[in-house]
Amino acid sequence: MIRFLKNGVSQEKAAADDAKVRQTVETILAEIAEKGDEAVRDYSQRFDKWSPESFRMSDAAIQACLAALPPETLEDIKFAQTQIRNFAQIQRDSMQDVEVETLPGVFLGHKHIPVNSVGCYVPGGKYPLVASAHMSVVTAKVAGVKRVIACAPPFQGAPHPAIVAALYLAGADEIYTMGGVQAVGAMALGTETIAPVDMLVGPGNAYVAEAKRQLYGRVGIDLFAGPTETLVIADETCDGEMAATDLLGQAEHGPTSPAILLTNSEKLANDTIAEIERQLQTLSTAPVASVAWRDYGQVILCDTYEEMVAEGDRIASEHVQVMTRDPQYFLDNLTNYGGLFLGPETNVSFGDKVIGTNHTLPTKGAARYTGGLWVGKFLKTCTYQRVKPEASAMIGEYCSRLCALEGFAGHQAQADLRVKRYGLQPAAPVGAGTLTE
């Protein structure tokens with residue numbers, strides 16, 4: 001039996017909040033489409049109090065940001081990017097172009113072709129999310145994207161040096177200091193000074209996520225993303241301190257970030273609730289994390305591992321951390337998750353910042369049908385075919401009959417022409433002349 005010891009806000013309230021965001025984003029995108037740079041500058045001034053001579057950073061400004069950072073910080077950034085680049089390259093190497101002869105004279109294949117241009121959004125207004133630069137820009141470059149541009153909002157009235165350094169070291173071709181819907185809209189729609197991109201990637205707040213949703217179709221996106229989510233699946237082998245720490249570690253992302261404990265131990269459930277309240281007394285990000293826990297935190301009690309798997313798949317959380325006696329059971333049986341973190345030795349923070357897997361992951365149940373950002377998201381798998389004459393005539397006969405079955409006369413004509421042109425002609429009678437005689 002599944003019991004909820006703590007529940008969050010209703011779905012109706014969440015839907016009402018989403019509706020307000022949609023309307024605001026529609027207005028901003030429409031103005032950017034109509035007024036270009038003027039609208040971008042107006043919204044940047046309004047929301048970020050930021051209106052530089054140029055939103056694009058010069059080489060000198062980029063180098064000044066690198067010079068402002070301690071050498072250890074630069075080395076930390078390089079270490080993280082090396083891990084992400086290595087794993088992305090392993091993923092890319094696993095994706096092979098193919099060409100096979102499926103029938104005599106029939107050759108089918110596919111190629112993995114990088115998209116030509118990508119816009120990467122890096123959040124940085126509340127927290128400077130340096131890691132998002134690695135996850136998007138590095139991965140796009142490994143995929144072979146020719147033009148990678150990036151936007152990050154100003155942080156306390158200026159470009160954040162660490163974000164700029166991370167974008168530069170990751171290989172961004174253009175770096176812009178602008179944030180929010182105006183940044184996403186400028187990259188996707190283009191302005192007088194920014195050429196539009198083919199694809200948008202990267203996390204963001206509810207407004208950025210909604211902008212990507214509304215722009216999807218005009219450009220590609222990595223995935224539909226909402227507030228950060230975490231699900232801790234734990235049994236009696238876990239303790240309250242560990243569970244509470246890992247739940248609050250993601251609740252601090254924002255006041256609407258769900259943090260859920262799923263357990264078969266009532267003792268752990270109660271210990272975790274008490275420990276969260278204790279840790280919130282000293283956690284520096286408690287003003288945010290406490291609201292997320294109050295409004296979106298849940299504690300769900302199950303009887304068995306099987307119930308925990310079923311409930312975990314129903315929730316389909318962005319991050320799923322497993323701290324049980326047998327983590328392998330959940331790796332073998334869970335099907336809906338963005339990223340899986342197995343055992344107490346690892347945690348979501350490792351994945352968010354440094355270990356090598358990508359931290360841009362599906363939210364709001366999207367893990368039911370998609371994984372997260374990876375090198376393959378930047379590649380179009382495009383098929384092709386080539387056929388020898390004899391095979392063309394043979395395939396054409398099948399195609400002609402199937403086209404007739406569907407009533408597609410034009411399609412049938414394409415097939416019939418190949419049968420006529422490339423089919424075997426009957427041998428001429430002995431002694432018969434030829435057309436040239």
# chains A, B, ... in the order shown; residues from 1 in each chain; ligands from 1
>>> residues_around(residues="Gln298 (chain A)", least_positions_apart="4", cutoff="7 Å", atoms="only C-alpha atoms", output="list in words")
Lys6, Asn7, Gly8, Ala259, Ile260 and Leu261 of chain A
>>> atom_distance(atom1="CA of Gly171 (chain A)", atom2="CA of Pro159 (chain A)")
17.4 Å
>>> closest_residue(among="A:Ala413, A:Val288, A:Ala186, A:Ala234", to="Tyr127 (chain A)", atoms="only C-alpha atoms")
A:Val288
>>> closest_atom_pairs(of="region 195-233 of chain A", to="region 330-341 of chain A", cutoff="12 Å", atoms="only C-alpha atoms", output="CSV")
residue,atom,partner,partner_atom,distance
A:Leu223,CA,A:Gly338,CA,11.2
A:Ala225,CA,A:Gly338,CA,11.1
A:Thr228,CA,A:Gly338,CA,10.9
A:Glu229,CA,A:Gly338,CA,9.7
A:Thr230,CA,A:Gly339,CA,9.8
A:Leu231,CA,A:Tyr337,CA,9.4
A:Val232,CA,A:Phe341,CA,9.4
A:Ile233,CA,A:Phe330,CA,9.2
>>> residues_around(residues="region 236-250 of chain A", least_positions_apart="5", cutoff="7 Å", atoms="only C-alpha atoms", output="PyMOL selection string")
chain A and resi 228+230+259+265+268+271-272+275-276+289+323-325
>>> write_last_selection(atoms="N, CA, C and O atoms", output="compact mmCIF listing (two decimals), in the first residue's frame")
# COMPACT_ATOMS: atom_id res chain seq x y z
N THR A 228 13.75 22.15 -11.45
CA THR A 228 14.53 20.98 -11.08
C THR A 228 13.73 20.07 -10.13
O THR A 228 13.04 20.54 -9.24
N THR A 230 13.89 16.26 -7.83
CA THR A 230 14.69 15.15 -7.34
C THR A 230 13.81 14.16 -6.59
O THR A 230 12.86 14.53 -5.90
N ALA A 259 10.95 17.98 -4.35
CA ALA A 259 11.91 17.08 -3.72
C ALA A 259 11.10 16.01 -3.00
O ALA A 259 10.31 16.31 -2.10
N SER A 265 10.57 2.53 4.54
CA SER A 265 10.91 2.60 5.97
C SER A 265 10.22 3.80 6.60
O SER A 265 10.57 4.95 6.33
N LEU A 268 12.74 5.92 8.52
CA LEU A 268 13.52 6.83 7.69
C LEU A 268 12.67 8.03 7.26
O LEU A 268 13.16 9.16 7.24
N ASP A 271 12.44 10.33 10.28
CA ASP A 271 13.78 10.89 10.57
C ASP A 271 14.15 11.97 9.54
O ASP A 271 14.74 12.99 9.88
N THR A 272 13.80 11.70 8.28
CA THR A 272 14.15 12.65 7.21
C THR A 272 13.39 13.95 7.37
O THR A 272 13.95 15.05 7.21
N GLU A 275 14.99 15.83 10.14
CA GLU A 275 16.33 16.28 9.77
C GLU A 275 16.26 17.46 8.80
O GLU A 275 17.09 18.38 8.87
N ILE A 276 15.29 17.45 7.91
CA ILE A 276 15.15 18.57 6.99
C ILE A 276 14.86 19.85 7.77
O ILE A 276 15.45 20.91 7.50
N ALA A 289 14.99 26.94 -0.38
CA ALA A 289 14.77 25.50 -0.18
C ALA A 289 13.58 25.23 0.72
O ALA A 289 12.83 24.26 0.51
N MET A 323 19.31 4.91 -2.77
CA MET A 323 20.15 4.54 -1.62
C MET A 323 19.44 3.41 -0.88
O MET A 323 18.74 3.63 0.11
N THR A 324 19.64 2.21 -1.42
CA THR A 324 18.98 1.03 -0.88
C THR A 324 20.00 -0.10 -0.74
O THR A 324 21.14 0.00 -1.21
N ARG A 325 19.55 -1.18 -0.14
CA ARG A 325 20.41 -2.34 0.02
C ARG A 325 20.83 -2.92 -1.33
O ARG A 325 21.92 -3.45 -1.49
>>> select_by_dssp(residues="region 109-280 of chain A", states="strand (DSSP E or B)", output="MDAnalysis selection string")
chainID A and resid 109:114 117:121 147:152 155 158 174:177 199:201 216 219:221 230:234 259:263
>>> select_by_dssp(residues="region 70-237 of chain A", states="helix (DSSP H, G or I)", output="PyMOL selection string")
chain A and resi 71-93+130-143+161-170+180-189+206-215
>>> decode(residues="region 27-59 of chain A", atoms="N, CA, C and O atoms", output="CSV table (one decimal), in the first residue's frame")
chain,number,residue,atom,x,y,z
A,27,THR,N,3.9,37.5,-25.2
A,27,THR,CA,4.0,39.0,-25.4
A,27,THR,C,5.5,39.3,-25.7
A,27,THR,O,5.8,40.1,-26.7
A,28,ILE,N,6.4,38.8,-24.9
A,28,ILE,CA,7.8,39.2,-25.1
A,28,ILE,C,8.3,38.7,-26.5
A,28,ILE,O,9.0,39.4,-27.2
A,29,LEU,N,8.0,37.4,-26.8
A,29,LEU,CA,8.5,36.9,-28.1
A,29,LEU,C,7.9,37.6,-29.3
A,29,LEU,O,8.6,37.8,-30.3
A,30,ALA,N,6.6,38.0,-29.2
A,30,ALA,CA,6.0,38.8,-30.3
A,30,ALA,C,6.7,40.1,-30.5
A,30,ALA,O,6.9,40.5,-31.6
A,31,GLU,N,7.1,40.8,-29.4
A,31,GLU,CA,7.8,42.0,-29.5
A,31,GLU,C,9.2,41.9,-30.1
A,31,GLU,O,9.7,42.7,-30.9
A,32,ILE,N,9.9,40.8,-29.7
A,32,ILE,CA,11.2,40.5,-30.3
A,32,ILE,C,11.1,40.3,-31.8
A,32,ILE,O,12.0,40.7,-32.6
A,33,ALA,N,10.1,39.5,-32.2
A,33,ALA,CA,10.0,39.2,-33.6
A,33,ALA,C,9.7,40.5,-34.4
A,33,ALA,O,10.1,40.6,-35.5
A,34,GLU,N,9.0,41.4,-33.8
A,34,GLU,CA,8.6,42.7,-34.5
A,34,GLU,C,9.7,43.7,-34.4
A,34,GLU,O,10.1,44.4,-35.4
A,35,LYS,N,10.4,43.9,-33.2
A,35,LYS,CA,11.3,45.0,-33.0
A,35,LYS,C,12.7,44.6,-32.9
A,35,LYS,O,13.6,45.5,-32.8
A,36,GLY,N,13.1,43.3,-32.8
A,36,GLY,CA,14.5,42.9,-32.8
A,36,GLY,C,15.3,43.4,-31.7
A,36,GLY,O,14.9,43.4,-30.5
A,37,ASP,N,16.4,44.0,-32.0
A,37,ASP,CA,17.3,44.5,-30.9
A,37,ASP,C,16.7,45.5,-30.0
A,37,ASP,O,17.0,45.5,-28.8
A,38,GLU,N,15.8,46.3,-30.5
A,38,GLU,CA,15.2,47.3,-29.6
A,38,GLU,C,14.4,46.7,-28.5
A,38,GLU,O,14.5,47.1,-27.3
A,39,ALA,N,13.6,45.6,-28.9
A,39,ALA,CA,12.9,44.9,-27.8
A,39,ALA,C,13.8,44.2,-26.9
A,39,ALA,O,13.5,44.2,-25.6
A,40,VAL,N,14.8,43.5,-27.4
A,40,VAL,CA,15.8,42.9,-26.5
A,40,VAL,C,16.4,43.8,-25.5
A,40,VAL,O,16.5,43.5,-24.3
A,41,ARG,N,16.8,45.0,-26.0
A,41,ARG,CA,17.4,46.0,-25.0
A,41,ARG,C,16.3,46.5,-24.0
A,41,ARG,O,16.7,46.6,-22.8
A,42,ASP,N,15.1,46.7,-24.5
A,42,ASP,CA,14.1,47.2,-23.5
A,42,ASP,C,13.8,46.2,-22.4
A,42,ASP,O,13.8,46.5,-21.2
A,43,TYR,N,13.7,44.9,-22.8
A,43,TYR,CA,13.4,43.9,-21.8
A,43,TYR,C,14.7,43.6,-20.9
A,43,TYR,O,14.5,43.4,-19.7
A,44,SER,N,15.9,43.7,-21.4
A,44,SER,CA,17.1,43.6,-20.6
A,44,SER,C,17.2,44.7,-19.6
A,44,SER,O,17.5,44.5,-18.4
A,45,GLN,N,16.8,45.9,-20.0
A,45,GLN,CA,16.8,47.0,-19.1
A,45,GLN,C,15.8,46.8,-18.0
A,45,GLN,O,16.0,47.1,-16.8
A,46,ARG,N,14.6,46.4,-18.4
A,46,ARG,CA,13.5,46.2,-17.5
A,46,ARG,C,13.7,45.1,-16.5
A,46,ARG,O,13.5,45.3,-15.3
A,47,PHE,N,14.2,44.0,-16.9
A,47,PHE,CA,14.3,42.8,-16.0
A,47,PHE,C,15.7,42.7,-15.4
A,47,PHE,O,15.8,42.2,-14.2
A,48,ASP,N,16.7,43.1,-16.0
A,48,ASP,CA,18.1,42.9,-15.5
A,48,ASP,C,18.8,44.2,-15.2
A,48,ASP,O,20.0,44.1,-14.8
A,49,LYS,N,18.2,45.3,-15.5
A,49,LYS,CA,18.9,46.6,-15.3
A,49,LYS,C,20.2,46.6,-16.1
A,49,LYS,O,21.2,47.1,-15.6
A,50,TRP,N,20.2,46.1,-17.3
A,50,TRP,CA,21.4,45.9,-18.1
A,50,TRP,C,21.2,46.3,-19.5
A,50,TRP,O,20.3,45.8,-20.2
A,51,SER,N,22.0,47.3,-19.9
A,51,SER,CA,21.9,47.8,-21.3
A,51,SER,C,23.2,48.3,-21.8
A,51,SER,O,23.5,49.5,-21.9
A,52,PRO,N,24.2,47.4,-22.0
A,52,PRO,CA,25.5,47.7,-22.5
A,52,PRO,C,25.5,48.2,-23.9
A,52,PRO,O,24.5,48.1,-24.6
A,53,GLU,N,26.6,48.8,-24.3
A,53,GLU,CA,26.8,49.2,-25.7
A,53,GLU,C,26.6,48.1,-26.7
A,53,GLU,O,25.9,48.2,-27.7
A,54,SER,N,27.1,46.9,-26.3
A,54,SER,CA,26.9,45.7,-27.1
A,54,SER,C,26.7,44.6,-26.2
A,54,SER,O,27.5,44.4,-25.2
A,55,PHE,N,25.7,43.7,-26.4
A,55,PHE,CA,25.5,42.6,-25.6
A,55,PHE,C,26.5,41.5,-25.9
A,55,PHE,O,26.8,40.6,-25.0
A,56,ARG,N,27.1,41.5,-27.1
A,56,ARG,CA,28.1,40.5,-27.4
A,56,ARG,C,29.5,40.9,-26.7
A,56,ARG,O,29.9,42.1,-26.9
A,57,MET,N,30.1,40.0,-26.1
A,57,MET,CA,31.3,40.3,-25.4
A,57,MET,C,32.5,40.3,-26.4
A,57,MET,O,32.6,39.4,-27.2
A,58,SER,N,33.4,41.3,-26.2
A,58,SER,CA,34.5,41.3,-27.1
A,58,SER,C,35.6,40.4,-26.6
A,58,SER,O,35.6,39.9,-25.4
A,59,ASP,N,36.6,40.1,-27.4
A,59,ASP,CA,37.7,39.3,-27.0
A,59,ASP,C,38.4,39.8,-25.8
A,59,ASP,O,38.8,39.1,-24.9
